[in-house]
Each structure stands twice: as structure tokens, then as C-alpha cells.
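Worksheet: the structure to be examined is printed underneath.
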Amino acid sequence: MKKYNVQNYVRYKKDLERKLEINKKYLVKDEEGNVLYNLLTNEQIIIQFLPLVESIARKFSTTQQAVGVMSILDLIQSGSLGLVHAVKRLERNKLLESENQEKTIKSFLSKRVKGSIRRQIDINRGDMRIPEHMYNEIRKNFGKNKKMVAMFFNSVFLSIDEG
């Protein structure tokens, strides 16, 4: 992926639109007009789902966990890397067996892209490492259990202050 700064974000969008137009010409479709993803190359799948990466990155850029940690372009870049790795791990036989290939592939890829972005946010957050299962617990209830969240963060900061 080309390196884009904030001023060239428009160029990124134009490049993506151009690649999507070219990619549409080479998509393999069945009689009903559905795309047969199991017959596409990895590069075609990556190009086809780059807008999904941008959509997921935009959602992360406004969440509390990513604010101030990474810019939208960094989130898109780490999501794109996650997409590339996920496409390499894609099992074509399972896609062939699926009733709705698009739904199956979107589900598979979006989970990997979200995980990639979360890992990158956690890496860039700082030196203090909080276990992933605790992050998931806090995310799950969105901080509704204030006592549990306060107890967790107090225990983390008390252990830091003692050391």
C-alpha cells in the first residue's frame, strides 16, 4: 500500500475508486449475478474489501480506546495489513460450501481486520500492558460496572506506584 499523509488522503480515495472499477471488470459471477469469491485471486479479494477496512477503521477512530493513540490513516494501514494476512488464511473450500459467500467472507475478514487494528492500538498505547481478556471484559459492558473498572485500574496503578 502506498504511504499517504493527511494531505494526500484524497489521492488515496481516488486510487481506491480506480482500482475498484478495474477490479469489477474481472470479477467472476454466477447466473444470479453473485460474485464467486472462491474463484478470485488474493489480490482481487484484497482490492474488493479495502472499503470494508476503511469503514472499520473509521469506527475505531471515534471510539474511546483509539482516540489520541493512532490517526485514521494509521488505523487504515494496520487494518489493510490485517486484511492481507486474513486473505492468505482464507479457506476456499469453506467458501465454496457456504450458501452466502459474501456474508461468510465479510464476517471472516472483518474479525481479522478488527483484531489487527486492536492489537496495533494496544501496541501504540504505551508501555503498560493490560491483559487482553481484561480489555475484552471492559469493552463488553462498556464501563457499566463502574466498581469493577475502578477496582481494575486502581490495582494496576497501585502496583505501578509500589514498584
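Naming works like this for the C-alpha cells: A, B, ... for the chains as they're shown, residue 1 at the start of each chain, ligands 1 onward in shown order.
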Selection: 12 Å around segment 112-126 of chain A, only C-alpha atoms, excl. self and same-chain fewer than 6 positions, as number ranges by chain: A: 46, 49-61, 63-90, 105-106, 132, 135-136, 139
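Reported to one decimal place, the separation of atom CA of Glu21 of chain A from atom CA of Glu97 of chain A is 28.1 Å.
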May I have all residues of segment 47-126 of chain A that DSSP, computed from the backbone, assigns to alpha helix (DSSP H), given as a PyMOL selection string? chain A and resi 47-48+50-61+72-88+92-97+101-125
As a tab-separated table (two decimals) with N, CA and C atoms, in the first residue's frame, please: the residues near Thr104 of chain A (cut-off 10 Å, only C-alpha atoms, same-chain neighbours under 5 positions excluded).
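Output (result_0.tsv):
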```tsv
chain	number	residue	atom	x	y	z
A	94	LYS	N	-14.20	-23.88	2.12
A	94	LYS	CA	-15.31	-23.47	3.00
A	94	LYS	C	-16.16	-22.42	2.33
A	95	LEU	N	-15.53	-21.55	1.55
A	95	LEU	CA	-16.30	-20.54	0.80
A	95	LEU	C	-17.21	-21.22	-0.21
A	98	SER	N	-20.31	-22.58	1.38
A	98	SER	CA	-21.19	-21.60	2.00
A	98	SER	C	-22.36	-21.23	1.10
A	99	GLU	N	-23.52	-20.99	1.71
A	99	GLU	CA	-24.69	-20.56	0.94
A	99	GLU	C	-24.54	-19.12	0.48
A	109	LEU	N	-13.23	-11.80	7.30
A	109	LEU	CA	-12.25	-10.73	7.13
A	109	LEU	C	-12.43	-9.62	8.16
```
Would you mind listing what lies within 10 Å of Leu96 of chain A as an NGL selection string, with only C-alpha atoms counted and same-chain residues fewer than 2 positions away left out? :A and (36-39 or 91-94 or 98-101)
Quick one: write out the picked residues with all heavy atoms as a short mmCIF file (atom, residue, chain, number, x, y, z; two decimals), in the first residue's frame?
```cif
data_model
loop_
_atom_site.label_atom_id
_atom_site.label_comp_id
_atom_site.auth_asym_id
_atom_site.auth_seq_id
_atom_site.Cartn_x
_atom_site.Cartn_y
_atom_site.Cartn_z
N LEU A 36 -18.42 -14.90 -7.19
CA LEU A 36 -17.86 -16.16 -6.70
C LEU A 36 -16.47 -15.89 -6.13
O LEU A 36 -15.47 -15.89 -6.84
CB LEU A 36 -17.80 -17.19 -7.83
CG LEU A 36 -19.14 -17.59 -8.44
CD1 LEU A 36 -18.94 -18.50 -9.63
CD2 LEU A 36 -20.00 -18.26 -7.39
N TYR A 37 -16.43 -15.63 -4.83
CA TYR A 37 -15.18 -15.24 -4.19
C TYR A 37 -14.15 -16.35 -4.16
O TYR A 37 -12.95 -16.09 -4.12
CB TYR A 37 -15.45 -14.74 -2.77
CG TYR A 37 -16.19 -13.42 -2.76
CD1 TYR A 37 -17.55 -13.36 -2.51
CD2 TYR A 37 -15.52 -12.24 -3.03
CE1 TYR A 37 -18.22 -12.16 -2.52
CE2 TYR A 37 -16.19 -11.03 -3.04
CZ TYR A 37 -17.53 -11.00 -2.78
OH TYR A 37 -18.19 -9.79 -2.79
N ASN A 38 -14.60 -17.60 -4.18
CA ASN A 38 -13.64 -18.70 -4.14
C ASN A 38 -12.82 -18.80 -5.43
O ASN A 38 -11.79 -19.43 -5.46
CB ASN A 38 -14.34 -20.02 -3.84
CG ASN A 38 -15.34 -20.39 -4.90
OD1 ASN A 38 -16.12 -19.54 -5.35
ND2 ASN A 38 -15.34 -21.64 -5.30
N LEU A 39 -13.28 -18.15 -6.51
CA LEU A 39 -12.55 -18.20 -7.79
C LEU A 39 -11.68 -16.96 -8.02
O LEU A 39 -10.96 -16.89 -9.01
CB LEU A 39 -13.53 -18.36 -8.95
CG LEU A 39 -14.39 -19.63 -8.92
CD1 LEU A 39 -15.36 -19.63 -10.08
CD2 LEU A 39 -13.51 -20.87 -8.94
N GLU A 91 -9.87 -20.04 3.51
CA GLU A 91 -10.04 -21.40 3.01
C GLU A 91 -11.09 -21.38 1.91
O GLU A 91 -12.27 -21.15 2.15
CB GLU A 91 -10.48 -22.33 4.14
CG GLU A 91 -9.39 -22.56 5.17
CD GLU A 91 -9.81 -23.56 6.23
OE1 GLU A 91 -10.66 -24.42 5.93
OE2 GLU A 91 -9.28 -23.46 7.34
N ARG A 92 -10.64 -21.63 0.69
CA ARG A 92 -11.52 -21.55 -0.48
C ARG A 92 -12.60 -22.63 -0.47
O ARG A 92 -13.71 -22.41 -0.93
CB ARG A 92 -10.71 -21.66 -1.77
CG ARG A 92 -9.56 -20.67 -1.90
CD ARG A 92 -10.07 -19.27 -2.00
NE ARG A 92 -8.97 -18.30 -2.00
CZ ARG A 92 -8.84 -17.36 -2.87
NH1 ARG A 92 -9.70 -17.23 -3.85
NH2 ARG A 92 -7.84 -16.51 -2.78
N ASN A 93 -12.28 -23.80 0.08
CA ASN A 93 -13.27 -24.89 0.11
C ASN A 93 -14.46 -24.54 0.99
O ASN A 93 -15.60 -24.85 0.66
CB ASN A 93 -12.62 -26.19 0.60
CG ASN A 93 -11.59 -26.70 -0.38
OD1 ASN A 93 -11.67 -26.42 -1.57
ND2 ASN A 93 -10.62 -27.43 0.12
N LYS A 94 -14.20 -23.88 2.12
CA LYS A 94 -15.31 -23.47 3.00
C LYS A 94 -16.16 -22.42 2.33
O LYS A 94 -17.37 -22.38 2.53
CB LYS A 94 -14.76 -22.95 4.32
CG LYS A 94 -14.14 -24.04 5.14
CD LYS A 94 -14.27 -23.78 6.58
CE LYS A 94 -13.70 -24.98 7.32
NZ LYS A 94 -13.90 -24.98 8.70
N SER A 98 -20.31 -22.58 1.38
CA SER A 98 -21.19 -21.60 2.00
C SER A 98 -22.36 -21.23 1.10
O SER A 98 -22.22 -21.13 -0.12
CB SER A 98 -20.39 -20.35 2.34
OG SER A 98 -21.23 -19.34 2.81
N GLU A 99 -23.52 -20.99 1.71
CA GLU A 99 -24.69 -20.56 0.94
C GLU A 99 -24.54 -19.12 0.48
O GLU A 99 -24.90 -18.77 -0.62
CB GLU A 99 -25.95 -20.71 1.80
CG GLU A 99 -26.35 -22.13 2.04
CD GLU A 99 -27.61 -22.21 2.88
OE1 GLU A 99 -28.38 -21.23 2.92
OE2 GLU A 99 -27.81 -23.26 3.50
N ASN A 100 -24.03 -18.26 1.36
CA ASN A 100 -23.84 -16.86 1.04
C ASN A 100 -22.36 -16.53 1.18
O ASN A 100 -21.87 -16.23 2.28
CB ASN A 100 -24.69 -15.99 1.98
CG ASN A 100 -24.70 -14.53 1.57
OD1 ASN A 100 -23.88 -14.09 0.77
ND2 ASN A 100 -25.62 -13.79 2.14
N GLN A 101 -21.64 -16.60 0.07
CA GLN A 101 -20.19 -16.42 0.11
C GLN A 101 -19.80 -15.03 0.60
O GLN A 101 -18.85 -14.88 1.36
CB GLN A 101 -19.57 -16.65 -1.27
CG GLN A 101 -19.50 -18.09 -1.67
CD GLN A 101 -18.70 -18.29 -2.95
OE1 GLN A 101 -18.11 -17.35 -3.48
NE2 GLN A 101 -18.68 -19.51 -3.43
#
```
How far is it from atom CA of Tyr12 of chain A to atom CA of Gly33 of chain A, in Å with one decimal? 28.8 Å
